[in-house]
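*Asks:* Have a look at this one before I ask anything.
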Amino acid sequence: MDRRKMLALLGMSPALAAGSPAYARTAPKAVPEVPSGDGTSEGLITVMNPAIAGKLATRVPLVPPLDTLQGKTIYMINLSWEGPDAANYFYGAMTEWLDKHYSGVKTVVKVTAEGMFGSDPSILKEITASKADAAIVGVAG
Amino acid sequence: MQCKIPAIGIASSNIVHYATGYNFKYNNGMPIRYVSVPFPFTGQPRAVDVGYVTGKDMLTGQPLMTAVINALTSPLTAEEKISGAPPEEAVEPRFLSPDSEDNLRRLFDDKEWTDFNSIILPTEKRVTAMLKGTSHKPDEVIKTINITGGARQLTVEKVAINAVMAGASPEHFPVILALATQAPFGNSTSSMANMVVVSGPIRNRLKFNCGTNAMGPYNRSNAVVGRAFTLMSKTAGDLRNDVNAWETLGNTMQYNNMCYGENEEALPEGWDPLHVEMGFKPTDSVLTVGTGWSSIASVGASQSIYPTHFLMRDYMSSFCASGSAATIVMDPTVAGLLKDVHGFKTKAQLSEWFSRNVTKTNASYWGNGVIQSTAVPFALQGLEPYASWRKLPDDALIKPFTNPKAIHVVVAGGKVQTMWFVTDFGIRRGVLIDDWA
């Protein structure tokens with residue numbers, strides 16, 4: 001799921017993180033005491049738990065959305081998930097649709113150099129330098 | 001680098017719920033706005049992919065482009081503004097609540113902690129006995145399992161619980177701990193499988209089967225060690241069907257993970273055991289894990305009209321050659337023929353021959369989704385031979401196994417038939433079992 005890396009890089013806002021509501025931590029539930037021994041008590045068995053508690057991800061807020069697409073530049077980032085062709089066709093059709101319905105929208109399609117398994121710093125750099133307004137990342141599956 | 005601009009994801013309907021559910025909860029933490037297209041997406045005629053743009057968003061049912069515009073422009077919800085550490089989940093208790101054997105068995109199955117075959121219930125007494133099989137402390141963390149998120153810490157005690165469940169004995173425990181360093185097993189939308197090879201003196205000490213039926217259900221050590229890999233992968237990886245384990249067909253090899261020992265005593269002279277080829281000493285006991293998808297078996301005896309390595313080569317041409325990986329498992333009689341009749345004095349010579357002689361059409365190579373995902377980026381970066389291969393005609397023959405060192409040969413079996421398997425398994429670096437005694 002390495003598109004998350006790129007999405008995280010594109011979408012995270014430290015400013016929002018500083019000003020947003022934060023979770024309150026709650027105390028972990030107590031671990032029940034149980035007798036040791038062979039695990040049997042009055043016909044009941046006590047066994048050890050194979051499961052391991054998972055650590056929840058730290059929440060990252062989204063940056064504010066756009067007011068409108070009119071006059072905006074949108075990067076369409078092709079992750080080459082199972083190959084670049086299908087996403088290129090798809091992004092091409094999206095571009096045509098936007099040209100028809102939102103004449104002021106500029107789109108830029110980019111194929112990541114590292115594919116679905118890595119982010120592409122050069123694209124992130126280009127997005128920043130070009131002052132792009134939004135990004136669409138995909139197509140995963 | 002952060003761009004701080006609105007971004008949305010587009011994913012097919014097969015995995016978008018994982019992306020917005022388990023992945024968000026345990027791995028990502030960002031409530032990414034997704035728009036979803038039908039699956040399959042790749043492999044469709046161009047008109048189908050283009051048509052998805054004027055179709056429906058699979059998540060909301062809205063016209064897809066309306067969903068895209070909404071995702072980029074609708075105001076943030078309170079949920080989307082949350083930041084920081086989440087509330088702690090309830091810790092997993094070390095012990096489960098006392099219950100009847102039937103109820104506990106049902107619980108273990110309901111939680112998907114088993115392979116749905118009967119397990120040995122892990123009482124504290126049994127787990128304590130298992131822990132006597134190692135000098136390592138129960139709370140030692142072997143590795144953090146994060147295959148689909150959750151950063152679960154796999155400890156020696158948790159592995160002991162799984163070892164008990166699998167039916168292992170304390171003497172198996174160092175092998176299973178070495179195996180734990182390689183957990184979890186493969187998990188992808190395609191249907192992955194694994195191979196566990198045991199090498200060195202421990203094979204004989206624990207009576208691993210390296211001979212007749214080495215890969216069959218005829219030996220306890222092979223059975224319990226292979227099964228332990230499945231159980232620890234599922235419990236430590238929190239792998240649950242259709243939640244974060246979504247191999248579309250699954251793979252029956254995941255029940256035992258092809259666990260066997262190499263028949264080192266039957267190797268032809270000059271052919272080194274797998275672990276020695278990796279640089280270990282012959283007296284080291286080593287466990288090696290391979291991961292891939294496919295295994296093709298020979299049928300019937302080798303024939304002089306078409307030498308065995310020719311047939312292996314032909315079968316290997318059907319593999320995707322991802323990472324140039326292949327592992328060939330052959331009976332000692334096959335190894336003997338290849339050495340004595342066909343002149344392969346070492347395993348390495350045979351691997352080099354395969355690297356030079358396995359061919360497939362360019363279209364067949366690029367017609368594999370794993371290759372598209374992994375090798376296209378190399379080609380786009382101009383790396384050879386991928387960049388040149390991308391420019392070849394579809395029917396051009398290429399030699400996809402570019403790295404002979406990634407083609408491994410293991411000898412096992414009982415000299416009953418000139419039998420062999422070719423697999424696309426990539427072999428990882430071996431693990432010294434003695435480190436876990």
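Order determines the names: the first chain of the structure tokens is A, the second B, and so forth; residues in each chain are numbered 1 upward, and ligands are numbered 1 upward as they are shown.
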For Lys110 (chain A), list every protein, DNA or RNA residue within 9 Å, evaluated using only C-alpha atoms, and leave out those in the same chain fewer than 2 positions away; present the list as a PyMOL selection string.
*Replies:* chain A and resi 75-79+88+108+112+123
*Asks:* May I have the residues from that selection written out with C-alpha atoms, as a PDB file, in the first residue's frame?
*Replies:*
ATOM      1  CA  TYR A  75      -1.506  16.311 -10.959  1.00  0.00           C
ATOM      2  CA  MET A  76      -2.658  12.798 -11.866  1.00  0.00           C
ATOM      3  CA  ILE A  77      -0.064  10.403 -10.522  1.00  0.00           C
ATOM      4  CA  ASN A  78       0.129   6.967 -12.111  1.00  0.00           C
ATOM      5  CA  LEU A  79       1.488   4.391  -9.648  1.00  0.00           C
ATOM      6  CA  ASN A  88      -2.810   6.211 -18.382  1.00  0.00           C
ATOM      7  CA  VAL A 108      -0.544  16.916 -15.619  1.00  0.00           C
ATOM      8  CA  THR A 112       6.109   7.375 -10.792  1.00  0.00           C
ATOM      9  CA  ILE A 123       7.310  14.361  -8.724  1.00  0.00           C
TER      10      ILE A 123
END
*Asks:* Need the shell around Pro385 (chain B): protein/DNA/RNA residues with any atom at most 12 Å away, counting only C-alpha atoms. Skip same-chain ones fewer than 3 positions apart. Format as a PDB file with N, CA and C atoms, in the first residue's frame?
*Replies:*
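Result written to result-v2.pdb:
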ATOM      1  N   ASN B 362       8.883 -11.711 -25.312  1.00  0.00           N
ATOM      2  CA  ASN B 362       8.822 -10.412 -24.647  1.00  0.00           C
ATOM      3  C   ASN B 362       7.409 -10.119 -24.146  1.00  0.00           C
ATOM      4  N   ALA B 375       9.110  -4.351 -12.749  1.00  0.00           N
ATOM      5  CA  ALA B 375      10.151  -4.119 -13.758  1.00  0.00           C
ATOM      6  C   ALA B 375       9.882  -2.899 -14.628  1.00  0.00           C
ATOM      7  N   VAL B 376       8.618  -2.513 -14.782  1.00  0.00           N
ATOM      8  CA  VAL B 376       8.350  -1.297 -15.569  1.00  0.00           C
ATOM      9  C   VAL B 376       9.040  -0.081 -14.948  1.00  0.00           C
ATOM     10  N   PHE B 378      11.811   0.001 -13.402  1.00  0.00           N
ATOM     11  CA  PHE B 378      13.224  -0.084 -13.795  1.00  0.00           C
ATOM     12  C   PHE B 378      13.401   0.417 -15.224  1.00  0.00           C
ATOM     13  N   ALA B 379      12.493  -0.049 -16.101  1.00  0.00           N
ATOM     14  CA  ALA B 379      12.591   0.358 -17.507  1.00  0.00           C
ATOM     15  C   ALA B 379      12.428   1.867 -17.649  1.00  0.00           C
ATOM     16  N   LEU B 380      11.482   2.412 -16.897  1.00  0.00           N
ATOM     17  CA  LEU B 380      11.242   3.859 -16.998  1.00  0.00           C
ATOM     18  C   LEU B 380      12.438   4.666 -16.494  1.00  0.00           C
ATOM     19  N   GLN B 381      13.198   4.055 -15.599  1.00  0.00           N
ATOM     20  CA  GLN B 381      14.408   4.728 -15.112  1.00  0.00           C
ATOM     21  C   GLN B 381      15.607   4.499 -16.037  1.00  0.00           C
ATOM     22  N   GLY B 382      15.391   3.717 -17.090  1.00  0.00           N
ATOM     23  CA  GLY B 382      16.464   3.463 -18.051  1.00  0.00           C
ATOM     24  C   GLY B 382      17.387   2.325 -17.669  1.00  0.00           C
ATOM     25  N   SER B 388      15.651  -1.828 -22.590  1.00  0.00           N
ATOM     26  CA  SER B 388      15.741  -2.347 -23.971  1.00  0.00           C
ATOM     27  C   SER B 388      14.624  -3.341 -24.256  1.00  0.00           C
ATOM     28  N   TRP B 389      14.321  -4.188 -23.274  1.00  0.00           N
ATOM     29  CA  TRP B 389      13.258  -5.178 -23.479  1.00  0.00           C
ATOM     30  C   TRP B 389      11.921  -4.499 -23.783  1.00  0.00           C
ATOM     31  N   ARG B 390      11.673  -3.353 -23.148  1.00  0.00           N
ATOM     32  CA  ARG B 390      10.394  -2.662 -23.362  1.00  0.00           C
ATOM     33  C   ARG B 390      10.222  -2.221 -24.813  1.00  0.00           C
ATOM     34  N   LYS B 391      11.360  -2.116 -25.526  1.00  0.00           N
ATOM     35  CA  LYS B 391      11.288  -1.631 -26.908  1.00  0.00           C
ATOM     36  C   LYS B 391      11.245  -2.779 -27.926  1.00  0.00           C
ATOM     37  N   LEU B 392      11.391  -4.014 -27.465  1.00  0.00           N
ATOM     38  CA  LEU B 392      11.437  -5.151 -28.387  1.00  0.00           C
ATOM     39  C   LEU B 392      10.039  -5.499 -28.883  1.00  0.00           C
ATOM     40  N   ILE B 398      13.463 -13.287 -25.018  1.00  0.00           N
ATOM     41  CA  ILE B 398      14.393 -12.714 -24.038  1.00  0.00           C
ATOM     42  C   ILE B 398      14.784 -13.798 -23.035  1.00  0.00           C
ATOM     43  N   LYS B 399      15.851 -13.546 -22.301  1.00  0.00           N
ATOM     44  CA  LYS B 399      16.324 -14.476 -21.272  1.00  0.00           C
ATOM     45  C   LYS B 399      16.067 -13.812 -19.918  1.00  0.00           C
ATOM     46  N   PRO B 400      14.900 -14.106 -19.297  1.00  0.00           N
ATOM     47  CA  PRO B 400      14.463 -13.312 -18.143  1.00  0.00           C
ATOM     48  C   PRO B 400      15.171 -13.645 -16.834  1.00  0.00           C
ATOM     49  N   PHE B 401      15.808 -14.819 -16.765  1.00  0.00           N
ATOM     50  CA  PHE B 401      16.515 -15.174 -15.521  1.00  0.00           C
ATOM     51  C   PHE B 401      17.945 -14.637 -15.609  1.00  0.00           C
ATOM     52  N   THR B 402      18.061 -13.368 -15.338  1.00  0.00           N
ATOM     53  CA  THR B 402      19.326 -12.679 -15.579  1.00  0.00           C
ATOM     54  C   THR B 402      20.382 -12.969 -14.517  1.00  0.00           C
ATOM     55  N   ASN B 403      19.940 -13.422 -13.362  1.00  0.00           N
ATOM     56  CA  ASN B 403      20.882 -13.611 -12.249  1.00  0.00           C
ATOM     57  C   ASN B 403      20.940 -15.081 -11.833  1.00  0.00           C
TER      58      ASN B 403
END
*Asks:* What lies within 9 Å of region 63-65 of chain A using only C-alpha atoms, ignoring chain neighbours under 2 positions off, as a PyMOL selection string?
*Replies:* (chain A and resi 11-13+16+61+67-68+134) or (chain B and resi 4-7+71-76+80-81)
*Asks:* Keeping only C-alpha atoms, write those residues as a tab-separated table (two decimals), in the first residue's frame.
*Replies:*
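Saved file out.tsv follows:
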chain	number	residue	atom	x	y	z
A	11	GLY	CA	-1.67	15.62	2.06
A	12	MET	CA	-0.31	16.06	5.54
A	13	SER	CA	-0.34	19.50	7.06
A	16	LEU	CA	-3.43	21.39	10.93
A	61	PRO	CA	-5.52	15.21	9.23
A	67	ASP	CA	-13.10	25.75	-3.17
A	68	THR	CA	-13.42	24.98	-6.85
A	134	ALA	CA	-4.28	19.12	-5.96
B	4	LYS	CA	0.40	20.19	1.55
B	5	ILE	CA	-2.16	20.06	-1.20
B	6	PRO	CA	-5.43	18.11	-1.29
B	7	ALA	CA	-4.91	14.63	-2.66
B	71	ALA	CA	-13.54	14.52	-2.91
B	72	LEU	CA	-11.34	17.44	-3.94
B	73	THR	CA	-13.72	20.22	-2.93
B	74	SER	CA	-16.12	19.21	-0.15
B	75	PRO	CA	-15.35	20.67	3.30
B	76	LEU	CA	-13.46	18.57	5.81
B	80	GLU	CA	-10.90	14.31	8.81
B	81	LYS	CA	-9.42	16.97	11.09
*Asks:* Would you kindly return, as a PyMOL selection string, each protein, DNA or RNA residue with an atom no farther than 12 Å from any atom of Ser36 (chain B), considering only C-alpha atoms and excluding same-chain residues fewer than 4 positions away?
*Replies:* (chain A and resi 137-141) or (chain B and resi 8-17+19-20+40-41+52-53+55-65+67-68+71)
*Asks:* For the selection you just gave me, I'd like the residues written to a file as an mmCIF file, in the first residue's frame, keeping N, CA and C atoms.
*Replies:*
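File written: again.cif
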data_model
loop_
_atom_site.group_PDB
_atom_site.id
_atom_site.type_symbol
_atom_site.label_atom_id
_atom_site.label_comp_id
_atom_site.auth_asym_id
_atom_site.auth_seq_id
_atom_site.Cartn_x
_atom_site.Cartn_y
_atom_site.Cartn_z
ATOM 1 N N VAL A 137 -4.079 10.239 -6.991
ATOM 2 C CA VAL A 137 -3.073 9.173 -6.980
ATOM 3 C C VAL A 137 -3.759 7.836 -7.193
ATOM 4 N N GLY A 138 -3.252 7.054 -8.125
ATOM 5 C CA GLY A 138 -3.851 5.733 -8.363
ATOM 6 C C GLY A 138 -3.249 5.115 -9.611
ATOM 7 N N VAL A 139 -3.808 4.110 -10.104
ATOM 8 C CA VAL A 139 -5.044 3.476 -9.663
ATOM 9 C C VAL A 139 -4.639 2.174 -8.989
ATOM 10 N N ALA A 140 -4.961 2.024 -7.735
ATOM 11 C CA ALA A 140 -4.558 0.846 -6.978
ATOM 12 C C ALA A 140 -5.543 -0.287 -7.202
ATOM 13 N N GLY A 141 -5.040 -1.485 -7.101
ATOM 14 C CA GLY A 141 -5.944 -2.625 -7.207
ATOM 15 C C GLY A 141 -5.246 -3.841 -7.739
ATOM 16 N N ILE B 8 -6.370 12.878 -3.423
ATOM 17 C CA ILE B 8 -7.305 11.764 -3.254
ATOM 18 C C ILE B 8 -6.707 10.516 -3.883
ATOM 19 N N GLY B 9 -7.199 9.365 -3.454
ATOM 20 C CA GLY B 9 -6.751 8.105 -4.020
ATOM 21 C C GLY B 9 -7.829 7.499 -4.903
ATOM 22 N N ILE B 10 -7.393 6.773 -5.907
ATOM 23 C CA ILE B 10 -8.339 5.993 -6.713
ATOM 24 C C ILE B 10 -7.905 4.542 -6.622
ATOM 25 N N ALA B 11 -8.843 3.696 -6.228
ATOM 26 C CA ALA B 11 -8.532 2.275 -6.063
ATOM 27 C C ALA B 11 -9.682 1.442 -6.594
ATOM 28 N N SER B 12 -9.342 0.229 -7.013
ATOM 29 C CA SER B 12 -10.373 -0.685 -7.504
ATOM 30 C C SER B 12 -11.212 -1.204 -6.340
ATOM 31 N N SER B 13 -12.375 -1.711 -6.691
ATOM 32 C CA SER B 13 -13.326 -2.167 -5.676
ATOM 33 C C SER B 13 -12.800 -3.368 -4.888
ATOM 34 N N ASN B 14 -11.786 -4.071 -5.416
ATOM 35 C CA ASN B 14 -11.294 -5.262 -4.716
ATOM 36 C C ASN B 14 -10.558 -4.933 -3.425
ATOM 37 N N ILE B 15 -9.934 -3.765 -3.351
ATOM 38 C CA ILE B 15 -9.138 -3.471 -2.154
ATOM 39 C C ILE B 15 -9.478 -2.142 -1.495
ATOM 40 N N VAL B 16 -10.428 -1.412 -2.055
ATOM 41 C CA VAL B 16 -10.662 -0.066 -1.517
ATOM 42 C C VAL B 16 -11.160 -0.131 -0.063
ATOM 43 N N HIS B 17 -11.888 -1.187 0.286
ATOM 44 C CA HIS B 17 -12.380 -1.272 1.671
ATOM 45 C C HIS B 17 -11.239 -1.580 2.646
ATOM 46 N N ALA B 19 -8.267 -0.351 2.103
ATOM 47 C CA ALA B 19 -7.586 0.955 2.166
ATOM 48 C C ALA B 19 -8.285 1.892 3.146
ATOM 49 N N THR B 20 -9.609 1.909 3.119
ATOM 50 C CA THR B 20 -10.344 2.832 3.995
ATOM 51 C C THR B 20 -10.591 2.236 5.379
ATOM 52 N N PRO B 40 -11.915 -6.109 -12.508
ATOM 53 C CA PRO B 40 -10.521 -5.731 -12.753
ATOM 54 C C PRO B 40 -10.389 -4.412 -13.508
ATOM 55 N N PHE B 41 -9.285 -3.750 -13.218
ATOM 56 C CA PHE B 41 -8.973 -2.474 -13.864
ATOM 57 C C PHE B 41 -7.935 -2.695 -14.958
ATOM 58 N N TYR B 52 -14.899 3.716 -17.420
ATOM 59 C CA TYR B 52 -15.059 3.871 -15.971
ATOM 60 C C TYR B 52 -15.190 5.345 -15.567
ATOM 61 N N VAL B 53 -14.586 6.231 -16.381
ATOM 62 C CA VAL B 53 -14.614 7.667 -16.051
ATOM 63 C C VAL B 53 -16.045 8.208 -16.105
ATOM 64 N N GLY B 55 -18.591 6.216 -15.616
ATOM 65 C CA GLY B 55 -19.402 5.282 -14.834
ATOM 66 C C GLY B 55 -19.621 5.783 -13.416
ATOM 67 N N LYS B 56 -19.884 4.837 -12.519
ATOM 68 C CA LYS B 56 -20.207 5.175 -11.130
ATOM 69 C C LYS B 56 -18.998 4.952 -10.218
ATOM 70 N N ASP B 57 -18.925 5.776 -9.191
ATOM 71 C CA ASP B 57 -17.978 5.538 -8.101
ATOM 72 C C ASP B 57 -18.493 4.346 -7.293
ATOM 73 N N MET B 58 -17.651 3.341 -7.112
ATOM 74 C CA MET B 58 -18.091 2.115 -6.448
ATOM 75 C C MET B 58 -18.352 2.321 -4.954
ATOM 76 N N LEU B 59 -17.868 3.415 -4.386
ATOM 77 C CA LEU B 59 -18.087 3.659 -2.958
ATOM 78 C C LEU B 59 -19.394 4.398 -2.693
ATOM 79 N N THR B 60 -19.703 5.400 -3.486
ATOM 80 C CA THR B 60 -20.868 6.252 -3.204
ATOM 81 C C THR B 60 -22.015 6.048 -4.170
ATOM 82 N N GLY B 61 -21.734 5.449 -5.307
ATOM 83 C CA GLY B 61 -22.769 5.292 -6.320
ATOM 84 C C GLY B 61 -22.976 6.546 -7.159
ATOM 85 N N GLN B 62 -22.263 7.599 -6.834
ATOM 86 C CA GLN B 62 -22.361 8.831 -7.632
ATOM 87 C C GLN B 62 -21.663 8.621 -8.970
ATOM 88 N N PRO B 63 -21.971 9.498 -9.956
ATOM 89 C CA PRO B 63 -21.121 9.492 -11.148
ATOM 90 C C PRO B 63 -19.661 9.692 -10.725
ATOM 91 N N LEU B 64 -18.760 8.957 -11.348
ATOM 92 C CA LEU B 64 -17.383 8.934 -10.861
ATOM 93 C C LEU B 64 -16.752 10.321 -10.816
ATOM 94 N N MET B 65 -16.961 11.126 -11.867
ATOM 95 C CA MET B 65 -16.307 12.436 -11.873
ATOM 96 C C MET B 65 -16.937 13.380 -10.846
ATOM 97 N N ALA B 67 -17.911 12.313 -7.981
ATOM 98 C CA ALA B 67 -17.245 11.866 -6.753
ATOM 99 C C ALA B 67 -15.829 12.430 -6.665
ATOM 100 N N VAL B 68 -15.139 12.484 -7.791
ATOM 101 C CA VAL B 68 -13.780 13.037 -7.802
ATOM 102 C C VAL B 68 -13.815 14.517 -7.408
ATOM 103 N N ALA B 71 -14.655 14.911 -3.786
ATOM 104 C CA ALA B 71 -13.539 14.525 -2.914
ATOM 105 C C ALA B 71 -12.476 15.622 -2.848
#
*Asks:* Counting only C-alpha atoms, figure out which residue out of A:Tyr91, A:Ser122, A:Glu82, A:Lys100 gets nearest to chain B.
*Replies:*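 Counting only C-alpha atoms, the residue closest to chain B is A:Glu82.
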*Asks:* Report the residues of region 164-377 of chain B whose backbone DSSP state falls under strand (DSSP E), written as number ranges by chain.
*Replies:* B: 193-199, 259-261, 286-292, 295-297, 326-330, 360-361
*Asks:* Using only C-alpha atoms, find each residue in chain B having at least one atom no more than 6 Å away from chain A; report its shortest atom-to-atom pair and that distance in Å (one decimal), rows by chain then rising number, as a tab-separated table.
*Replies:*
residue	atom	partner	partner_atom	distance
B:Gln2	CA	A:Leu9	CA	4.5
B:Cys3	CA	A:Leu10	CA	4.7
B:Lys4	CA	A:Gly11	CA	5.0
B:Ile5	CA	A:Ala134	CA	5.3
B:Pro6	CA	A:Ala134	CA	4.9
B:Ala7	CA	A:Ala135	CA	4.5
B:Ile8	CA	A:Ile136	CA	5.0
B:Gly9	CA	A:Val137	CA	4.8
B:Ile10	CA	A:Gly138	CA	4.8
B:Ala11	CA	A:Ala140	CA	4.3
B:Ser12	CA	A:Gly141	CA	4.8
B:Lys25	CA	A:Ala57	CA	5.9
B:Tyr26	CA	A:Leu56	CA	4.6
B:Asn27	CA	A:Ala57	CA	5.4
B:Asn28	CA	A:Ala57	CA	5.9
B:Gly29	CA	A:Arg59	CA	4.3
B:Met30	CA	A:Val60	CA	4.7
B:Thr42	CA	A:Ala86	CA	5.4
B:Asp49	CA	A:Phe90	CA	5.5
B:Val50	CA	A:Phe90	CA	5.1
B:Leu72	CA	A:Pro65	CA	5.6
B:Thr73	CA	A:Leu66	CA	4.7
B:Glu80	CA	A:Pro61	CA	5.5
B:Lys81	CA	A:Pro61	CA	4.7
B:Ile82	CA	A:Pro61	CA	5.5
B:Ser83	CA	A:Arg59	CA	4.6
B:Gly84	CA	A:Arg59	CA	5.1
B:Ala85	CA	A:Thr58	CA	4.6
B:Pro86	CA	A:Tyr23	CA	5.5
B:Pro87	CA	A:Arg25	CA	4.7
B:Ala90	CA	A:Lys29	CA	5.6
B:Val91	CA	A:Ala53	CA	5.6
B:Glu92	CA	A:Ala53	CA	5.3
B:Pro93	CA	A:Val31	CA	5.1
B:Arg94	CA	A:Asn49	CA	5.5
B:Phe95	CA	A:Met48	CA	4.3
B:Leu96	CA	A:Asn49	CA	5.7
B:Pro98	CA	A:Thr46	CA	4.4
B:Asp99	CA	A:Leu44	CA	4.7
B:Ser100	CA	A:Leu44	CA	4.8
B:Pro122	CA	A:Val47	CA	5.3
B:Thr123	CA	A:Val47	CA	4.2
B:Lys125	CA	A:Asp38	CA	5.1
B:Gly150	CA	A:Gly54	CA	4.2
B:Ala151	CA	A:Lys55	CA	5.7
B:Arg152	CA	A:Gly54	CA	5.2
B:Lys158	CA	A:Pro50	CA	5.8
B:Ile161	CA	A:Pro50	CA	6.0
B:Thr235	CA	A:Ala51	CA	5.4
B:Gly369	CA	A:Glu82	CA	4.5
B:Gln372	CA	A:Gly83	CA	4.4
B:Ser373	CA	A:Glu82	CA	4.6
B:Pro377	CA	A:Glu114	CA	5.2
*Asks:* May I have the residues from that selection written out with C-alpha atoms, as an mmCIF file, in the first residue's frame?
*Replies:*
data_model
loop_
_atom_site.group_PDB
_atom_site.id
_atom_site.type_symbol
_atom_site.label_atom_id
_atom_site.label_comp_id
_atom_site.auth_asym_id
_atom_site.auth_seq_id
_atom_site.Cartn_x
_atom_site.Cartn_y
_atom_site.Cartn_z
ATOM 1 C CA GLN B 2 5.393 17.475 1.925
ATOM 2 C CA CYS B 3 3.352 19.274 -0.689
ATOM 3 C CA LYS B 4 0.402 20.194 1.554
ATOM 4 C CA ILE B 5 -2.164 20.060 -1.205
ATOM 5 C CA PRO B 6 -5.432 18.110 -1.292
ATOM 6 C CA ALA B 7 -4.914 14.626 -2.664
ATOM 7 C CA ILE B 8 -7.305 11.764 -3.254
ATOM 8 C CA GLY B 9 -6.751 8.105 -4.020
ATOM 9 C CA ILE B 10 -8.339 5.993 -6.713
ATOM 10 C CA ALA B 11 -8.532 2.275 -6.063
ATOM 11 C CA SER B 12 -10.373 -0.685 -7.504
ATOM 12 C CA LYS B 25 -6.801 2.112 11.202
ATOM 13 C CA TYR B 26 -3.469 0.338 11.623
ATOM 14 C CA ASN B 27 -1.148 1.591 8.937
ATOM 15 C CA ASN B 28 -1.909 4.985 7.583
ATOM 16 C CA GLY B 29 -3.906 7.097 10.006
ATOM 17 C CA MET B 30 -4.932 9.514 7.283
ATOM 18 C CA THR B 42 -5.805 -3.602 -15.636
ATOM 19 C CA ASP B 49 -10.943 1.749 -18.515
ATOM 20 C CA VAL B 50 -11.986 4.887 -20.361
ATOM 21 C CA LEU B 72 -11.340 17.441 -3.942
ATOM 22 C CA THR B 73 -13.717 20.223 -2.930
ATOM 23 C CA GLU B 80 -10.902 14.311 8.811
ATOM 24 C CA LYS B 81 -9.425 16.974 11.087
ATOM 25 C CA ILE B 82 -8.350 14.617 13.866
ATOM 26 C CA SER B 83 -4.653 14.449 14.544
ATOM 27 C CA GLY B 84 -2.314 12.836 16.993
ATOM 28 C CA ALA B 85 -2.049 9.578 18.815
ATOM 29 C CA PRO B 86 -5.215 7.477 18.846
ATOM 30 C CA PRO B 87 -6.691 6.044 22.027
ATOM 31 C CA ALA B 90 -7.387 -2.789 24.807
ATOM 32 C CA VAL B 91 -4.235 -4.805 25.340
ATOM 33 C CA GLU B 92 -4.440 -8.460 24.490
ATOM 34 C CA PRO B 93 -4.519 -10.313 27.819
ATOM 35 C CA ARG B 94 -1.744 -12.832 28.336
ATOM 36 C CA PHE B 95 -4.342 -15.448 29.253
ATOM 37 C CA LEU B 96 -7.805 -16.041 27.870
ATOM 38 C CA PRO B 98 -11.163 -19.976 31.495
ATOM 39 C CA ASP B 99 -13.602 -21.971 29.415
ATOM 40 C CA SER B 100 -14.432 -25.468 28.248
ATOM 41 C CA PRO B 122 -1.707 -23.647 24.662
ATOM 42 C CA THR B 123 -1.974 -24.045 28.424
ATOM 43 C CA LYS B 125 2.202 -25.604 31.410
ATOM 44 C CA GLY B 150 -0.399 -2.780 13.511
ATOM 45 C CA ALA B 151 3.321 -3.065 14.336
ATOM 46 C CA ARG B 152 2.736 -6.189 16.413
ATOM 47 C CA LYS B 158 4.042 -15.742 21.477
ATOM 48 C CA ILE B 161 2.205 -20.441 22.078
ATOM 49 C CA THR B 235 -1.777 -14.661 14.741
ATOM 50 C CA GLY B 369 1.229 -8.102 -13.480
ATOM 51 C CA GLN B 372 4.548 -4.798 -14.755
ATOM 52 C CA SER B 373 4.574 -3.579 -11.158
ATOM 53 C CA PRO B 377 9.716 1.223 -13.051
#
*Asks:* Work out how far apart CA of Val286 (chain B) and CA of Ile120 (chain B) are and give it in Å to one decimal.
*Replies:*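 Taking CA of Val286 (chain B) and CA of Ile120 (chain B), their separation equals 26.6 Å.
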*Asks:* Write out as a PyMOL selection string all residues of region 195-276 of chain B that backbone DSSP assigns to helix (DSSP H, G or I).
*Replies:* chain B and resi 202-205+220-236+252-255+264-266+274-276
*Asks:* Nearest residue to Gln182 (chain B) out of B:Ala326, B:Val164, B:Ala396, B:Ile145, using only C-alpha atoms?
*Replies:*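 Comparing B:Ala326, B:Val164, B:Ala396, B:Ile145 against Gln182 (chain B), the winner is B:Ile145.
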*Asks:* Do a neighbour search on Gly211 (chain B) at 12 Å with only C-alpha atoms, toss out local chain neighbours closer than 5 positions, and write the hits as a ChimeraX atom specification.
*Replies:* /B:203-204,216,218-219,222,260-267,330-333,411-417
*Asks:* Go ahead and dump the residues you just picked, C-alpha atoms, as a CSV table (one decimal), in the first residue's frame.
*Replies:*
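As a result, again16.csv now contains:
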chain,number,residue,atom,x,y,z
B,203,ARG,CA,17.8,-32.5,10.1
B,204,ASN,CA,19.0,-35.8,11.5
B,216,GLY,CA,4.3,-35.3,2.0
B,218,TYR,CA,4.5,-38.5,6.5
B,219,ASN,CA,6.8,-36.9,9.1
B,222,ASN,CA,8.2,-31.5,8.7
B,260,TYR,CA,11.4,-30.4,4.3
B,261,GLY,CA,15.0,-31.1,4.8
B,262,GLU,CA,17.7,-31.3,2.0
B,263,ASN,CA,18.9,-34.8,1.5
B,264,GLU,CA,22.5,-33.7,2.0
B,265,GLU,CA,23.8,-37.3,2.3
B,266,ALA,CA,22.6,-38.1,-1.2
B,267,LEU,CA,24.1,-35.0,-2.9
B,330,MET,CA,15.0,-32.6,-7.4
B,331,ASP,CA,15.4,-36.2,-6.3
B,332,PRO,CA,19.0,-37.4,-5.8
B,333,THR,CA,18.7,-39.6,-8.8
B,411,VAL,CA,18.1,-32.0,-3.5
B,412,ALA,CA,15.4,-34.1,-1.6
B,413,GLY,CA,13.6,-37.3,-2.1
B,414,GLY,CA,14.0,-41.0,-1.7
B,415,LYS,CA,15.5,-42.2,-5.0
B,416,VAL,CA,12.2,-43.8,-5.9
B,417,GLN,CA,11.5,-41.8,-9.1
